There are 2 protein chains.
Amino acid sequence: MVVKSQLKLIKSLHQKKNRIQHGLFIIEGEKGIADALANDLIPYKLLSSQVGSDITSFEKISEKEFSQISALKNPNGYLGVFNIPKQAALDFKDWVVVLDGLQDPGNLGTIIRLCDWFGIKQILCSPDTVDVYNPKVVQASMGSLTRVFVYYEPIIPLINRFNIPVYGTFMEGTPIQKIVFKTPGIIVFGNEGNGISTELSNHITEKISIYSHPASKAESLNVANAAAIVFYEMSR
Amino acid sequence: MVVKSQLKLIKSLHQKKNRIQHGLFIIEGEKGIADALANDLIPYKLLSSQVGSDITSFEKISEKEFSQISALKNPNGYLGVFNIPKQAALDFKDWVVVLDGLQDPGNLGTIIRLCDWFGIKQILCSPDTVDVYNPKVVQASMGSLTRVFVYYEPIIPLINRFNIPVYGTFMEGTPIQKIVFKTPGIIVFGNEGNGISTELSNHITEKISIYSHPASKAESLNVANAAAIVFYEMSR
């Protein structure tokens, strides 16, 4: 039985401050919820407006109630509320992806999915980056969120502690196919509009650029597409 | 002076059938509009709820009126209505990207932007692919739409006419770094959930796969990220 106050609590989790306060976040979609359970995330509530799910532990609510708690424009009828998991401490023994002020939830979710694909386990975000438990980030990560750790810390003090290469993409830089990627290493991607901040740029040891056609008038690549190409070349 | 019936017409362009009927589409954002004008697209109306734009030809409307015609959740105050341009006939003399039932407007827009970056001029979409003049596609293409031609035709009869290689991405296939890409050629990407249709799969002459980490549990790459990696490797 789900009571009104619980629906109100769940709806409040659309906002970051409430997610932090309650230590809870939302996953929508049957598959994402099944993934989270398979990865031992602890559910607080599993709710559905559908009948006939494989996961028997869903509580049934009405479509009207469901539309109140869903963060999606087109709700799919399955919503899980989970405890935000504790993460292992960040280390710099392998690749760490650094995101400097990313704002678009779809981009963060897609980069998490890419990291999962290419076996990268850790993402360090500047504190002004979009929140990883934003429902749109969770949605775009397509279940990969349960397998990639995402940290929020001021970046420069952290990377200053380690003497490892720091790669970053710029319009001008060494063509990426000529770069020898060395692990452990850090690879930085910047904000959608402004790129990597000037302050952080000074800490990049390897500036890399991605080929564009000589006649191209496109001004930039989408940051998640740039990440796809960099991760691919790192693994090539 | 913008009259009510014109605002109603513009709002109707959010829907494909009205775009086709009137031969008009919407571009939002000052930069995208400037790009379109620089690329000789013919404006029907340029409207703004802002003051102080560089482009003096905007007609001023109220914020309330603007929010009625904008297709964006967070309107940016600049909206251009343009004539849908005539395109040169599709040819198969260089790369043609084929999209088989893509549904997400953001993915189509991003792939247009990628084509522009990598110098690919032609995209052939199956008729069930999302419409290129959907305002969200236009938005995600970031101005590249004016430099890449997008066609809608049944795919198989067209590619059957030419004896050129047809590449497509699959979970199982030759690792992409071993592929020698030959132009003229066709490169196919499938629907977000279902991939390339069975019927079209039979026409793929080169099945290619993109490396994933052996321990990865990610099920797939986002289609625009897969396109980024393929276009990069084609140009490498």
# chains A, B, ... in the order shown; residues from 1 in each chain; ligands from 1
call {"tool": "select_by_dssp", "arguments": {"residues": "region 38-162 of chain B", "states": "strand (DSSP E or B)", "output": "NGL selection string"}}
result
:B and (43-48 or 59-60 or 78-83 or 95-100 or 122-125 or 149-152)
call {"tool": "write_last_selection", "arguments": {"atoms": "N, CA and C atoms", "output": "mmCIF file, in the first residue's frame"}}
result
data_model
loop_
_atom_site.group_PDB
_atom_site.id
_atom_site.type_symbol
_atom_site.label_atom_id
_atom_site.label_comp_id
_atom_site.auth_asym_id
_atom_site.auth_seq_id
_atom_site.Cartn_x
_atom_site.Cartn_y
_atom_site.Cartn_z
ATOM 1 N N PRO B 43 14.016 33.276 -45.448
ATOM 2 C CA PRO B 43 13.159 33.419 -44.263
ATOM 3 C C PRO B 43 11.750 33.869 -44.638
ATOM 4 N N TYR B 44 10.789 33.290 -43.914
ATOM 5 C CA TYR B 44 9.402 33.733 -44.047
ATOM 6 C C TYR B 44 9.099 34.758 -42.953
ATOM 7 N N LYS B 45 9.572 34.480 -41.749
ATOM 8 C CA LYS B 45 9.418 35.414 -40.626
ATOM 9 C C LYS B 45 10.597 35.220 -39.682
ATOM 10 N N LEU B 46 11.129 36.327 -39.142
ATOM 11 C CA LEU B 46 12.122 36.254 -38.085
ATOM 12 C C LEU B 46 11.554 36.991 -36.886
ATOM 13 N N LEU B 47 11.356 36.281 -35.795
ATOM 14 C CA LEU B 47 10.666 36.864 -34.651
ATOM 15 C C LEU B 47 11.534 36.803 -33.401
ATOM 16 N N SER B 48 11.402 37.818 -32.556
ATOM 17 C CA SER B 48 12.160 37.806 -31.314
ATOM 18 C C SER B 48 11.380 38.474 -30.197
ATOM 19 N N GLU B 59 11.328 40.786 -36.105
ATOM 20 C CA GLU B 59 10.157 41.529 -35.629
ATOM 21 C C GLU B 59 9.976 41.233 -34.150
ATOM 22 N N LYS B 60 9.623 42.246 -33.405
ATOM 23 C CA LYS B 60 9.487 42.083 -31.952
ATOM 24 C C LYS B 60 8.083 41.555 -31.633
ATOM 25 N N TYR B 78 14.534 33.755 -29.829
ATOM 26 C CA TYR B 78 14.724 33.996 -31.258
ATOM 27 C C TYR B 78 14.147 32.821 -32.042
ATOM 28 N N LEU B 79 13.277 33.136 -32.980
ATOM 29 C CA LEU B 79 12.670 32.067 -33.782
ATOM 30 C C LEU B 79 12.579 32.518 -35.231
ATOM 31 N N GLY B 80 13.083 31.681 -36.114
ATOM 32 C CA GLY B 80 12.998 31.970 -37.543
ATOM 33 C C GLY B 80 12.141 30.930 -38.232
ATOM 34 N N VAL B 81 11.278 31.381 -39.128
ATOM 35 C CA VAL B 81 10.524 30.454 -39.965
ATOM 36 C C VAL B 81 11.121 30.538 -41.366
ATOM 37 N N PHE B 82 11.527 29.403 -41.903
ATOM 38 C CA PHE B 82 12.222 29.382 -43.192
ATOM 39 C C PHE B 82 11.507 28.484 -44.186
ATOM 40 N N ASN B 83 11.682 28.781 -45.465
ATOM 41 C CA ASN B 83 11.224 27.869 -46.512
ATOM 42 C C ASN B 83 12.085 26.614 -46.492
ATOM 43 N N TRP B 95 30.278 9.128 -49.884
ATOM 44 C CA TRP B 95 29.591 8.457 -48.780
ATOM 45 C C TRP B 95 28.118 8.846 -48.716
ATOM 46 N N VAL B 96 27.272 7.848 -48.516
ATOM 47 C CA VAL B 96 25.878 8.100 -48.156
ATOM 48 C C VAL B 96 25.622 7.402 -46.821
ATOM 49 N N VAL B 97 25.162 8.153 -45.831
ATOM 50 C CA VAL B 97 24.771 7.569 -44.546
ATOM 51 C C VAL B 97 23.304 7.175 -44.640
ATOM 52 N N VAL B 98 22.989 5.939 -44.276
ATOM 53 C CA VAL B 98 21.604 5.474 -44.288
ATOM 54 C C VAL B 98 21.122 5.279 -42.850
ATOM 55 N N LEU B 99 19.974 5.862 -42.530
ATOM 56 C CA LEU B 99 19.395 5.705 -41.194
ATOM 57 C C LEU B 99 18.098 4.918 -41.314
ATOM 58 N N ASP B 100 18.053 3.785 -40.627
ATOM 59 C CA ASP B 100 16.944 2.838 -40.769
ATOM 60 C C ASP B 100 16.017 2.927 -39.556
ATOM 61 N N GLN B 122 25.468 13.619 -47.469
ATOM 62 C CA GLN B 122 24.163 13.047 -47.793
ATOM 63 C C GLN B 122 23.725 12.012 -46.757
ATOM 64 N N ILE B 123 22.492 12.140 -46.279
ATOM 65 C CA ILE B 123 21.896 11.165 -45.368
ATOM 66 C C ILE B 123 20.588 10.687 -46.002
ATOM 67 N N LEU B 124 20.458 9.372 -46.143
ATOM 68 C CA LEU B 124 19.219 8.792 -46.676
ATOM 69 C C LEU B 124 18.487 8.108 -45.526
ATOM 70 N N CYS B 125 17.250 8.566 -45.257
ATOM 71 C CA CYS B 125 16.471 8.014 -44.145
ATOM 72 C C CYS B 125 15.339 7.148 -44.676
ATOM 73 N N PHE B 149 22.512 17.305 -46.736
ATOM 74 C CA PHE B 149 21.218 16.999 -47.360
ATOM 75 C C PHE B 149 20.640 15.732 -46.746
ATOM 76 N N VAL B 150 19.347 15.779 -46.432
ATOM 77 C CA VAL B 150 18.685 14.621 -45.818
ATOM 78 C C VAL B 150 17.503 14.211 -46.693
ATOM 79 N N TYR B 151 17.477 12.960 -47.117
ATOM 80 C CA TYR B 151 16.455 12.434 -48.034
ATOM 81 C C TYR B 151 15.627 11.364 -47.347
ATOM 82 N N TYR B 152 14.358 11.241 -47.736
ATOM 83 C CA TYR B 152 13.489 10.182 -47.235
ATOM 84 C C TYR B 152 13.000 9.341 -48.400
#
call {"tool": "select_by_dssp", "arguments": {"residues": "region 30-115 of chain A", "states": "alpha helix (DSSP H)", "output": "ChimeraX atom specification"}}
result
/A:30-38,63-69,105-115
call {"tool": "write_last_selection", "arguments": {"atoms": "N, CA and C atoms", "output": "mmCIF file, in the first residue's frame"}}
result
data_model
loop_
_atom_site.group_PDB
_atom_site.id
_atom_site.type_symbol
_atom_site.label_atom_id
_atom_site.label_comp_id
_atom_site.auth_asym_id
_atom_site.auth_seq_id
_atom_site.Cartn_x
_atom_site.Cartn_y
_atom_site.Cartn_z
ATOM 1 N N GLU A 30 11.471 -0.809 -16.674
ATOM 2 C CA GLU A 30 11.580 -2.156 -16.119
ATOM 3 C C GLU A 30 13.021 -2.669 -16.190
ATOM 4 N N LYS A 31 13.697 -2.412 -17.311
ATOM 5 C CA LYS A 31 15.029 -2.955 -17.506
ATOM 6 C C LYS A 31 16.044 -2.318 -16.563
ATOM 7 N N GLY A 32 15.980 -0.983 -16.449
ATOM 8 C CA GLY A 32 16.896 -0.281 -15.555
ATOM 9 C C GLY A 32 16.724 -0.723 -14.107
ATOM 10 N N ILE A 33 15.483 -0.962 -13.728
ATOM 11 C CA ILE A 33 15.201 -1.412 -12.360
ATOM 12 C C ILE A 33 15.743 -2.831 -12.144
ATOM 13 N N ALA A 34 15.532 -3.689 -13.133
ATOM 14 C CA ALA A 34 16.049 -5.065 -13.036
ATOM 15 C C ALA A 34 17.577 -5.046 -12.935
ATOM 16 N N ASP A 35 18.222 -4.186 -13.739
ATOM 17 C CA ASP A 35 19.685 -4.020 -13.675
ATOM 18 C C ASP A 35 20.131 -3.598 -12.285
ATOM 19 N N ALA A 36 19.414 -2.620 -11.718
ATOM 20 C CA ALA A 36 19.791 -2.097 -10.403
ATOM 21 C C ALA A 36 19.679 -3.202 -9.346
ATOM 22 N N LEU A 37 18.614 -3.984 -9.413
ATOM 23 C CA LEU A 37 18.431 -5.079 -8.458
ATOM 24 C C LEU A 37 19.527 -6.134 -8.637
ATOM 25 N N ALA A 38 19.853 -6.420 -9.905
ATOM 26 C CA ALA A 38 20.905 -7.406 -10.183
ATOM 27 C C ALA A 38 22.260 -6.923 -9.676
ATOM 28 N N GLU A 63 -2.654 4.874 -12.879
ATOM 29 C CA GLU A 63 -1.927 5.676 -13.869
ATOM 30 C C GLU A 63 -1.853 7.135 -13.457
ATOM 31 N N LYS A 64 -2.897 7.606 -12.813
ATOM 32 C CA LYS A 64 -2.913 8.999 -12.365
ATOM 33 C C LYS A 64 -1.829 9.224 -11.295
ATOM 34 N N GLU A 65 -1.750 8.302 -10.349
ATOM 35 C CA GLU A 65 -0.700 8.400 -9.326
ATOM 36 C C GLU A 65 0.675 8.322 -9.978
ATOM 37 N N PHE A 66 0.800 7.401 -10.956
ATOM 38 C CA PHE A 66 2.100 7.207 -11.608
ATOM 39 C C PHE A 66 2.568 8.476 -12.313
ATOM 40 N N SER A 67 1.635 9.116 -13.012
ATOM 41 C CA SER A 67 2.041 10.314 -13.762
ATOM 42 C C SER A 67 2.483 11.443 -12.830
ATOM 43 N N GLN A 68 2.020 11.367 -11.561
ATOM 44 C CA GLN A 68 2.452 12.387 -10.587
ATOM 45 C C GLN A 68 3.912 12.209 -10.168
ATOM 46 N N ILE A 69 4.383 10.960 -10.123
ATOM 47 C CA ILE A 69 5.737 10.717 -9.615
ATOM 48 C C ILE A 69 6.777 10.560 -10.725
ATOM 49 N N PRO A 105 21.868 16.693 -19.038
ATOM 50 C CA PRO A 105 21.726 15.373 -18.413
ATOM 51 C C PRO A 105 21.920 14.230 -19.412
ATOM 52 N N GLY A 106 21.443 14.421 -20.656
ATOM 53 C CA GLY A 106 21.620 13.389 -21.675
ATOM 54 C C GLY A 106 23.096 13.130 -21.954
ATOM 55 N N ASN A 107 23.896 14.186 -21.995
ATOM 56 C CA ASN A 107 25.332 14.009 -22.234
ATOM 57 C C ASN A 107 25.998 13.233 -21.098
ATOM 58 N N LEU A 108 25.679 13.579 -19.838
ATOM 59 C CA LEU A 108 26.296 12.847 -18.723
ATOM 60 C C LEU A 108 25.878 11.377 -18.761
ATOM 61 N N GLY A 109 24.583 11.123 -18.972
ATOM 62 C CA GLY A 109 24.109 9.740 -19.018
ATOM 63 C C GLY A 109 24.783 8.943 -20.127
ATOM 64 N N THR A 110 24.917 9.584 -21.300
ATOM 65 C CA THR A 110 25.547 8.910 -22.438
ATOM 66 C C THR A 110 27.024 8.629 -22.167
ATOM 67 N N ILE A 111 27.705 9.551 -21.503
ATOM 68 C CA ILE A 111 29.127 9.336 -21.202
ATOM 69 C C ILE A 111 29.278 8.197 -20.175
ATOM 70 N N ILE A 112 28.364 8.084 -19.221
ATOM 71 C CA ILE A 112 28.397 6.959 -18.274
ATOM 72 C C ILE A 112 28.251 5.637 -19.044
ATOM 73 N N ARG A 113 27.315 5.624 -19.986
ATOM 74 C CA ARG A 113 27.095 4.415 -20.811
ATOM 75 C C ARG A 113 28.352 4.075 -21.626
ATOM 76 N N LEU A 114 29.001 5.111 -22.182
ATOM 77 C CA LEU A 114 30.239 4.907 -22.933
ATOM 78 C C LEU A 114 31.349 4.350 -22.053
ATOM 79 N N CYS A 115 31.488 4.898 -20.834
ATOM 80 C CA CYS A 115 32.522 4.420 -19.903
ATOM 81 C C CYS A 115 32.304 2.939 -19.631
#
call {"tool": "interface_residues", "arguments": {"of": "chain B", "to": "chain A", "cutoff": "6 Å", "atoms": "only C-alpha atoms", "output": "ChimeraX atom specification"}}
result
/B:116-119,212-213,216,218,225,228-229
call {"tool": "residues_around", "arguments": {"residues": "Gln21 (chain A)", "least_positions_apart": "6", "cutoff": "12 Å", "atoms": "only C-alpha atoms", "output": "PyMOL selection string"}}
result
chain A and resi 9+12-13+15+83-84
call {"tool": "decode", "arguments": {"residues": "region 109-145 of chain B", "atoms": "N, CA and C atoms", "output": "CSV table (one decimal), in the first residue's frame"}}
result
chain,number,residue,atom,x,y,z
B,109,GLY,N,19.6,14.8,-35.1
B,109,GLY,CA,20.3,16.1,-35.1
B,109,GLY,C,21.8,15.9,-34.9
B,110,THR,N,22.2,15.1,-33.9
B,110,THR,CA,23.6,14.9,-33.6
B,110,THR,C,24.3,14.2,-34.8
B,111,ILE,N,23.7,13.3,-35.5
B,111,ILE,CA,24.3,12.6,-36.6
B,111,ILE,C,24.5,13.6,-37.8
B,112,ILE,N,23.5,14.5,-38.0
B,112,ILE,CA,23.7,15.6,-39.0
B,112,ILE,C,24.9,16.4,-38.7
B,113,ARG,N,25.0,16.8,-37.4
B,113,ARG,CA,26.2,17.6,-36.9
B,113,ARG,C,27.5,16.8,-37.2
B,114,LEU,N,27.5,15.5,-36.9
B,114,LEU,CA,28.7,14.7,-37.1
B,114,LEU,C,29.0,14.6,-38.6
B,115,CYS,N,28.0,14.4,-39.4
B,115,CYS,CA,28.3,14.4,-40.9
B,115,CYS,C,29.0,15.7,-41.4
B,116,ASP,N,28.4,16.8,-40.9
B,116,ASP,CA,29.0,18.1,-41.2
B,116,ASP,C,30.5,18.1,-40.8
B,117,TRP,N,30.8,17.7,-39.6
B,117,TRP,CA,32.2,17.7,-39.0
B,117,TRP,C,33.1,16.8,-39.9
B,118,PHE,N,32.6,15.7,-40.3
B,118,PHE,CA,33.5,14.7,-41.1
B,118,PHE,C,33.3,14.9,-42.6
B,119,GLY,N,32.6,15.9,-43.1
B,119,GLY,CA,32.5,16.1,-44.5
B,119,GLY,C,31.6,15.2,-45.3
B,120,ILE,N,30.6,14.6,-44.6
B,120,ILE,CA,29.7,13.7,-45.3
B,120,ILE,C,28.4,14.6,-45.6
B,121,LYS,N,28.0,14.5,-46.9
B,121,LYS,CA,27.0,15.5,-47.4
B,121,LYS,C,25.6,15.0,-47.5
B,122,GLN,N,25.5,13.6,-47.5
B,122,GLN,CA,24.2,13.0,-47.8
B,122,GLN,C,23.7,12.0,-46.8
B,123,ILE,N,22.5,12.1,-46.3
B,123,ILE,CA,21.9,11.2,-45.4
B,123,ILE,C,20.6,10.7,-46.0
B,124,LEU,N,20.5,9.4,-46.1
B,124,LEU,CA,19.2,8.8,-46.7
B,124,LEU,C,18.5,8.1,-45.5
B,125,CYS,N,17.2,8.6,-45.3
B,125,CYS,CA,16.5,8.0,-44.1
B,125,CYS,C,15.3,7.1,-44.7
B,126,SER,N,15.0,6.0,-44.0
B,126,SER,CA,13.8,5.3,-44.3
B,126,SER,C,12.6,6.2,-44.0
B,127,PRO,N,11.5,6.0,-44.6
B,127,PRO,CA,10.4,6.9,-44.4
B,127,PRO,C,9.9,6.9,-43.0
B,128,ASP,N,10.1,5.9,-42.2
B,128,ASP,CA,9.7,5.9,-40.8
B,128,ASP,C,10.7,6.6,-39.8
B,129,THR,N,11.7,7.1,-40.4
B,129,THR,CA,12.7,7.9,-39.5
B,129,THR,C,12.1,9.2,-39.1
B,130,VAL,N,12.5,9.7,-37.9
B,130,VAL,CA,12.0,11.0,-37.4
B,130,VAL,C,12.3,12.1,-38.5
B,131,ASP,N,11.3,13.0,-38.6
B,131,ASP,CA,11.4,14.1,-39.6
B,131,ASP,C,12.5,15.1,-39.3
B,132,VAL,N,13.3,15.4,-40.3
B,132,VAL,CA,14.5,16.2,-40.2
B,132,VAL,C,14.1,17.7,-39.8
B,133,TYR,N,12.9,18.1,-40.1
B,133,TYR,CA,12.5,19.5,-39.8
B,133,TYR,C,11.7,19.5,-38.5
B,134,ASN,N,11.7,18.4,-37.8
B,134,ASN,CA,11.2,18.4,-36.4
B,134,ASN,C,12.0,19.4,-35.6
B,135,PRO,N,11.4,20.4,-34.8
B,135,PRO,CA,12.2,21.4,-34.2
B,135,PRO,C,13.3,20.9,-33.3
B,136,LYS,N,13.1,19.7,-32.7
B,136,LYS,CA,14.2,19.2,-31.8
B,136,LYS,C,15.4,18.6,-32.6
B,137,VAL,N,15.1,18.2,-33.9
B,137,VAL,CA,16.2,17.8,-34.7
B,137,VAL,C,17.0,19.0,-35.2
B,138,VAL,N,16.3,20.0,-35.6
B,138,VAL,CA,16.9,21.3,-36.0
B,138,VAL,C,17.8,21.8,-34.9
B,139,GLN,N,17.2,21.8,-33.7
B,139,GLN,CA,18.0,22.3,-32.5
B,139,GLN,C,19.3,21.5,-32.3
B,140,ALA,N,19.2,20.1,-32.3
B,140,ALA,CA,20.3,19.3,-32.0
B,140,ALA,C,21.4,19.3,-33.2
B,141,SER,N,20.9,19.7,-34.4
B,141,SER,CA,21.9,19.7,-35.5
B,141,SER,C,22.8,21.0,-35.4
B,142,MET,N,22.5,21.9,-34.6
B,142,MET,CA,23.4,23.1,-34.3
B,142,MET,C,23.8,23.8,-35.5
B,143,GLY,N,22.9,24.0,-36.5
B,143,GLY,CA,23.3,24.8,-37.7
B,143,GLY,C,23.8,23.9,-38.8
B,144,SER,N,24.1,22.7,-38.5
B,144,SER,CA,24.7,21.8,-39.6
B,144,SER,C,23.7,21.4,-40.6
B,145,LEU,N,22.4,21.5,-40.3
B,145,LEU,CA,21.3,21.1,-41.2
B,145,LEU,C,21.4,21.8,-42.5
